[in-house]
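Asker: Here you go, one structure.
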Amino acid sequence: MQRVSIDDPAWQNTFPNPIAPLDDEWLGGLLLRCDEVNHWECGATVTYVFGIRIAHQVPRLIVSKSSDLQYLAQLLAIPEHVLLATTFQVELMRIFDTPNPLPKYLGRSIWYKICPVCITQNRILRRTHVLPHIECCQYHHIALLDRCRCGSYIVLFPRHALPFTCQKCGLHWAKLPQIPAAPERIVLEQKYLSLYEFFFAKGTPELVACAFWLHDYRWEARTRRFVFPFEGSYKARIQASWEDDGPPRSSLENTIRALVLEDISPQDIMSILPNTLQEGGSNSGSN
Amino acid sequence: MDTTISEPLRPPFVLQRAFIETPFERRFLSLVRHAWHERSWHIISAVPGSGKSLGIDELVRKSGAYKDRTHLSYLPVLAIRSPKNNARESALGEALASAFGVIPSMPWSRLRAWLVQTMASFHVECIIVDDAHDLNRFTLSLLKELTDNLAAFPYKRLVGLCLVTAHSGNVIPLKEIIKQPDEIWRQFYRRMDKEHPFCVVDGHTQAEIVEILPNFEELYRSQLPDLRLRRWAPYIYEQLTNQILDLDSSRRVTMDNITKFVTSAVRRAYDGGETDVNGQILKETAELLIQHRDDLFHIGGDSDIFHIDSDSTHEEPPEQAVG
């Protein structure tokens with residue numbers, strides 16, 4: 001719905017200027033944009049919707065309660081699934097096979113980082129920029145920043161500040177320095193991102209178990225400590241994964257770091273999957 | 001063998017709700033539209049029940065207002081109802097802000113600035129305050145401040161203002177406040193329309209009732225196929241201009257009284273199995289609504305007198321509201 005007319009009952013139940021998420025936009029950035037287009041002080045939307053100011057609780061914007069997102073969807077007159085796509089809720093639910101994933105399943109070193117060009121062009125905080133290990137913008141090939149020129153850390157929803165500005169010196173994030181990223185860093189992060197995309201699209205516990213098996217296999221082959229027979233090891237790993245009812249053995253952050261260290265790509269993982277898992281994973285991904 | 005065929009039961013009577021552009025609405029809305037397009041300021045008054053609020057709703061509904069995701073939202077006519085009980089200016093500010101939809105709570109000092117900014121970005125061209133007789137010097141001052149700020153740099157936007165009041169007799173509410181010699185009220189009065197700052201919109205004449213009644217005939221055609229109300233216009237006019245309803249002896253009729261009289265008569269006719277109203281039904285209606293209106297109604301044993309059919313309450317829209 002592009003417009004809400006005044007004879008629509010939604011008029012009274014929506015923000016004065018409702019917005020819709022941009023492609024690859026993270027929920028935290030959407031909330032800031034909502035503050036800006038409605039001429040509100042920074043944090044007004046997040047405080048109104050989530051009940052508390054969550055300046056230092058970024059994880060709550062990684063996976064969000066359905067009731068919060070339902071209410072925000074009503075205020076913005078958009079379907080809830082569009083908002084879900086600004087979090088990692090759906091992906092983590094599938095990867096870890098749980099209805100209530102925790103932010104730590106994505107990783108423990110989550111913090112938001114700013115690409116000044118993305119801010120200048122679209123006022124967008126990207127989902128990919130929240131991911132662990134990602135330190136440069138793949139769109140603009142510049143370093144992501146977590147500090148202002150004045151030296152203070154960037155706070156997402158500071159009190160008494162305008163959206164997208166430094167809480168200390170008031171500098172707009174669009175005016176932060178644009179530091180070119182090292183080419184080798186960009187190449188490395190492309191590997192990280194391809195694995196993130198792979199798991200977000202197709203990830204299941206079985207797929208993660210396969211990836212770990214491949215990791216262990218490569219590691220054992222490289223260090224020449226021990227090489228499992230292929231079939232036996234694969235089956236054992238899958239079996240162990242299915243029987244494990246406890247918390248995930250590894251966050252996605254750790255899983256992907258381990259795979260990148262062994263130079264394992266999504267194609268490598270796909271190549272060892274039996275046909276049944278490949279089909280199942282593809283279906284999950286398309287949903 | 002008994003061959004009597006019982007008449008099928010009629011479904012419950014359904015009140016119809018529709019906006020009727022009555023002569024009063026045309027007079028009232030032409031004045032409001034004038035204020036909107038000329039950005040002029042008026043105090044517009046009419047007796048209670050004339051249809052002011054309904055007319056304002058209709059004007060806002062057709063004003064073309066929208067919220068757009070491109071941030072080019074548009075609310076040319078900002079209409080609110082005045083806060084009651086000698087409200088402070090913040091109460092009026094909150095009423096104005098809520099016209100834009102849901103907004104987070106914020107300190108009054110910030111809301112004040114937000115209102116000006118948002119009214120400018122929504123291209124507000126006319127502010128209408130219904131029940132403006134409840135405004136006081138604080139809330140009137142706020143209206144002046146907001147419109148002054150909109151007219152100043154950087155917005156440079158002139159805004160029309162309609163303070164819509166209910167009156168009785170020849171006393172126009174707010175006129176006494178605005179005609180005071182204080183500087184602020186002189187400024188306020190200076191901003192008002194030079195030719196018609198205070199306007200009273202009259203109710204309906206007998207000829208206008210003749211014009212209105214066919215609308216009711218159309219509304220209830222499906223339930224009373226032979227309904228012909230026009231021929232009863234003189235009788236209805238006489239009943240609705242008696243001393244009990246026409247307190248100011250204006251010989252004018254409000255839409256609220258017409259609606260109540262007609263719907264009551266039509267309901268009686270329908271419940272009695274008729275397909276049209278007749279003189280007896282109108283006489284009973286007049287007696288009930290006018291002459292015995294204030295009589296005490298004793299409810300003894302029969303609790304079914306206020307029984308409401310569940311099906312009819314489910315489907316039945318509320319009676320046409322006129323303010």
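Starting from 1 in every chain, residues are counted up; chains themselves are A, B, ... following the order of the structure tokens, and ligands are numbered from 1 as listed.
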Would you give me, as number ranges by chain, the residues in range 26-218 of chain A that DSSP reads as helix (DSSP H, G or I)?

Answerer: A: 27-37, 44-50, 58-61, 66-76, 80-84, 89-95, 103-105, 116-122, 128-130, 173-175, 183-202, 205-218

Asker: Write out as a list in words which residues come within 9 Å of Lys175 in chain B when counting only C-alpha atoms, dropping same-chain ones fewer than 4 positions away.

Answerer: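 Near neighbours after the sequence-gap exclusion: Ile43, Val171, Lys179, Gln180 and Phe198 of chain B.
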
Asker: I need the chosen residues saved as a CSV table (one decimal), in the first residue's frame, with C-alpha atoms.

Answerer:
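Full text of result.csv as output:
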chain,number,residue,atom,x,y,z
B,43,ILE,CA,-16.4,32.1,13.6
B,171,VAL,CA,-25.2,35.3,21.3
B,179,LYS,CA,-13.5,41.7,20.8
B,180,GLN,CA,-11.6,42.5,24.0
B,198,PHE,CA,-18.9,36.1,12.5

Asker: Select from range 31-234 of chain B everything DSSP, run on the backbone, classes as strand (DSSP E or B), then give the selection as number ranges by chain.

Answerer: B: 41-46, 66-68, 74, 77-81, 126-130, 160-166, 198-200, 204

Asker: Determine which residues of chain B sit within 8 Å of chain A, taking into account only C-alpha atoms, and present them as a list in words.

Answerer: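 Applying the cut-off to the listed atoms yields Val60, Arg61, Gly64, Ala65, Tyr66, Lys67, Asp68, Arg69, Thr70, His71, Ser73, Ser98, Ala99, Phe100, Gly101, Val102, Ile103, Pro104, Trp114, Gln117 and Thr118 of chain B.
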
Asker: Residues near Phe188 in chain B, anyone? I mean within 7 Å using only C-alpha atoms, not counting same-chain ones fewer than 4 positions away, as an mmCIF file with N, CA, C and O atoms, in the first residue's frame.

Answerer:
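Result saved to around10.cif:
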data_model
loop_
_atom_site.group_PDB
_atom_site.id
_atom_site.type_symbol
_atom_site.label_atom_id
_atom_site.label_comp_id
_atom_site.auth_asym_id
_atom_site.auth_seq_id
_atom_site.Cartn_x
_atom_site.Cartn_y
_atom_site.Cartn_z
ATOM 1 N N LYS B 144 -3.462 31.096 17.388
ATOM 2 C CA LYS B 144 -2.840 32.282 16.784
ATOM 3 C C LYS B 144 -1.332 32.064 16.634
ATOM 4 O O LYS B 144 -0.744 32.356 15.586
ATOM 5 N N ILE B 178 -12.845 37.709 21.631
ATOM 6 C CA ILE B 178 -12.038 38.253 20.535
ATOM 7 C C ILE B 178 -12.202 39.766 20.400
ATOM 8 O O ILE B 178 -11.306 40.452 19.916
ATOM 9 N N ILE B 184 -3.409 41.047 22.148
ATOM 10 C CA ILE B 184 -3.471 39.741 21.480
ATOM 11 C C ILE B 184 -4.802 39.548 20.739
ATOM 12 O O ILE B 184 -4.858 39.027 19.635
ATOM 13 N N MET B 192 -9.033 38.133 11.244
ATOM 14 C CA MET B 192 -10.316 37.570 10.817
ATOM 15 C C MET B 192 -10.805 38.227 9.538
ATOM 16 O O MET B 192 -10.362 39.318 9.167
#

Asker: Tell me which protein, DNA and RNA residues are within 7 Å of Gly29 in chain A, counting only C-alpha atoms, leaving out same-chain ones fewer than 3 positions away, and put them as a PyMOL selection string.

Answerer: chain A and resi 25-26+32-33+124-125

Asker: Go through B:Arg137, B:Gln206, B:Leu31, B:Leu143 one by one, measure the shortest atom-to-atom distance of each to Glu176 in chain B using only C-alpha atoms, and give the residue with the smallest value.

Answerer: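 Looking only at the distances to Glu176 in chain B, the closest residue turns out to be B:Arg137.
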
Asker: Measuring atom to atom with only C-alpha atoms, identify which of B:Pro225, B:Pro197, B:Pro107, B:Gly203 is nearest to Gly93 in chain B.

Answerer: B:Pro107

Asker: Gly273 in chain B: which residues within 10 Å, counting only C-alpha atoms, same-chain residues fewer than 5 positions away excluded, as a ChimeraX atom specification?

Answerer: /B:9-10,224,267-268

Asker: Hey, what's within 12 Å of Leu193 in chain A if we count only C-alpha atoms and toss same-chain stuff fewer than 2 positions away? As a ChimeraX atom specification, please?

Answerer: /A:127-138,186-191,195-201,252-253,256-257,259-260,265-266

Asker: Keeping only N, CA, C and O atoms, write the selected residues to a file as a compact mmCIF listing (two decimals), in the first residue's frame.

Answerer:
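So the final result, stored in selection_4.txt, reads:
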# COMPACT_ATOMS: atom_id res chain seq x y z
N ARG A 127 21.48 -4.65 6.82
CA ARG A 127 21.53 -5.91 7.59
C ARG A 127 22.91 -6.52 7.50
O ARG A 127 23.45 -7.03 8.48
N THR A 128 23.50 -6.47 6.32
CA THR A 128 24.81 -7.11 6.15
C THR A 128 25.88 -6.40 6.98
O THR A 128 26.89 -7.02 7.33
N HIS A 129 25.67 -5.13 7.30
CA HIS A 129 26.67 -4.41 8.09
C HIS A 129 26.61 -4.74 9.57
O HIS A 129 27.48 -4.33 10.34
N VAL A 130 25.55 -5.41 9.98
CA VAL A 130 25.42 -5.81 11.39
C VAL A 130 26.14 -7.14 11.64
O VAL A 130 26.49 -7.47 12.77
N LEU A 131 26.40 -7.89 10.57
CA LEU A 131 26.93 -9.26 10.73
C LEU A 131 28.34 -9.26 11.30
O LEU A 131 29.16 -8.39 10.96
N PRO A 132 28.64 -10.24 12.15
CA PRO A 132 30.01 -10.39 12.65
C PRO A 132 30.98 -10.61 11.50
O PRO A 132 30.60 -11.20 10.46
N HIS A 133 32.18 -10.16 11.64
CA HIS A 133 33.28 -10.27 10.68
C HIS A 133 33.20 -9.25 9.54
O HIS A 133 34.12 -9.16 8.75
N ILE A 134 32.07 -8.55 9.43
CA ILE A 134 31.92 -7.61 8.30
C ILE A 134 32.38 -6.23 8.76
O ILE A 134 31.80 -5.64 9.67
N GLU A 135 33.41 -5.73 8.12
CA GLU A 135 34.01 -4.45 8.53
C GLU A 135 34.08 -3.44 7.40
O GLU A 135 34.57 -2.33 7.59
N CYS A 136 33.67 -3.85 6.20
CA CYS A 136 33.64 -2.85 5.12
C CYS A 136 32.37 -3.02 4.28
O CYS A 136 31.74 -4.07 4.28
N CYS A 137 31.99 -1.92 3.61
CA CYS A 137 30.77 -1.92 2.81
C CYS A 137 31.09 -2.48 1.43
O CYS A 137 31.93 -1.94 0.70
N GLN A 138 30.38 -3.55 1.08
CA GLN A 138 30.65 -4.19 -0.21
C GLN A 138 30.08 -3.37 -1.37
O GLN A 138 30.44 -3.60 -2.51
N ILE A 186 38.29 -6.78 1.36
CA ILE A 186 37.03 -6.88 0.61
C ILE A 186 36.84 -8.30 0.09
O ILE A 186 35.76 -8.89 0.18
N VAL A 187 37.93 -8.88 -0.45
CA VAL A 187 37.86 -10.24 -0.98
C VAL A 187 37.51 -11.22 0.14
O VAL A 187 36.66 -12.11 -0.01
N LEU A 188 38.18 -11.05 1.29
CA LEU A 188 37.92 -11.93 2.42
C LEU A 188 36.46 -11.84 2.86
O LEU A 188 35.79 -12.86 3.09
N GLU A 189 35.94 -10.61 2.94
CA GLU A 189 34.57 -10.45 3.43
C GLU A 189 33.54 -10.95 2.42
O GLU A 189 32.42 -11.30 2.79
N GLN A 190 33.94 -10.98 1.16
CA GLN A 190 33.03 -11.57 0.17
C GLN A 190 32.83 -13.06 0.47
O GLN A 190 31.75 -13.60 0.26
N LYS A 191 33.90 -13.69 0.95
CA LYS A 191 33.78 -15.10 1.33
C LYS A 191 32.82 -15.25 2.52
O LYS A 191 31.98 -16.15 2.55
N LEU A 195 28.95 -17.08 2.45
CA LEU A 195 28.52 -18.13 3.39
C LEU A 195 27.30 -17.70 4.19
O LEU A 195 26.39 -18.50 4.44
N TYR A 196 27.28 -16.40 4.61
CA TYR A 196 26.08 -15.91 5.31
C TYR A 196 24.85 -16.06 4.41
O TYR A 196 23.82 -16.56 4.82
N GLU A 197 25.00 -15.64 3.17
CA GLU A 197 23.87 -15.72 2.23
C GLU A 197 23.42 -17.17 2.06
O GLU A 197 22.22 -17.47 2.00
N PHE A 198 24.40 -18.05 1.97
CA PHE A 198 24.12 -19.47 1.78
C PHE A 198 23.30 -20.02 2.95
O PHE A 198 22.26 -20.64 2.77
N PHE A 199 23.77 -19.74 4.16
CA PHE A 199 23.06 -20.27 5.34
C PHE A 199 21.71 -19.57 5.54
O PHE A 199 20.74 -20.19 5.95
N PHE A 200 21.66 -18.26 5.25
CA PHE A 200 20.37 -17.56 5.40
C PHE A 200 19.33 -18.10 4.41
O PHE A 200 18.15 -18.18 4.71
N ALA A 201 19.80 -18.51 3.23
CA ALA A 201 18.86 -18.99 2.21
C ALA A 201 18.50 -20.45 2.40
O ALA A 201 17.35 -20.85 2.20
N LEU A 252 26.44 -18.90 14.45
CA LEU A 252 26.70 -18.78 13.02
C LEU A 252 28.02 -18.04 12.79
O LEU A 252 28.77 -18.34 11.85
N GLU A 253 28.30 -17.09 13.66
CA GLU A 253 29.56 -16.35 13.59
C GLU A 253 30.76 -17.31 13.64
O GLU A 253 31.65 -17.25 12.79
N ILE A 256 30.88 -19.81 10.57
CA ILE A 256 31.36 -19.21 9.31
C ILE A 256 32.84 -18.86 9.41
O ILE A 256 33.59 -19.04 8.44
N ARG A 257 33.28 -18.43 10.56
CA ARG A 257 34.71 -18.15 10.71
C ARG A 257 35.52 -19.42 10.48
O ARG A 257 36.54 -19.41 9.78
N LEU A 259 34.70 -22.02 8.73
CA LEU A 259 34.64 -22.42 7.33
C LEU A 259 35.56 -21.54 6.47
O LEU A 259 36.25 -22.04 5.57
N VAL A 260 35.59 -20.24 6.78
CA VAL A 260 36.45 -19.35 5.99
C VAL A 260 37.92 -19.69 6.24
O VAL A 260 38.73 -19.69 5.30
N SER A 265 33.77 -23.00 0.64
CA SER A 265 32.76 -22.14 0.02
C SER A 265 31.40 -22.84 0.05
O SER A 265 31.32 -24.06 0.31
N PRO A 266 30.31 -22.12 -0.22
CA PRO A 266 29.00 -22.77 -0.31
C PRO A 266 28.99 -23.89 -1.33
O PRO A 266 28.34 -24.92 -1.11

Asker: Do a neighbour search on Thr204 in chain A at 6 Å with only C-alpha atoms, toss out local chain neighbours closer than 2 positions, and write the hits as a ChimeraX atom specification.

Answerer: /A:94-95,206-207

Asker: Grab the CA of Ile127 in chain B to CA of Val159 in chain B distance for me, in Å with one decimal place.

Answerer: 7.1 Å
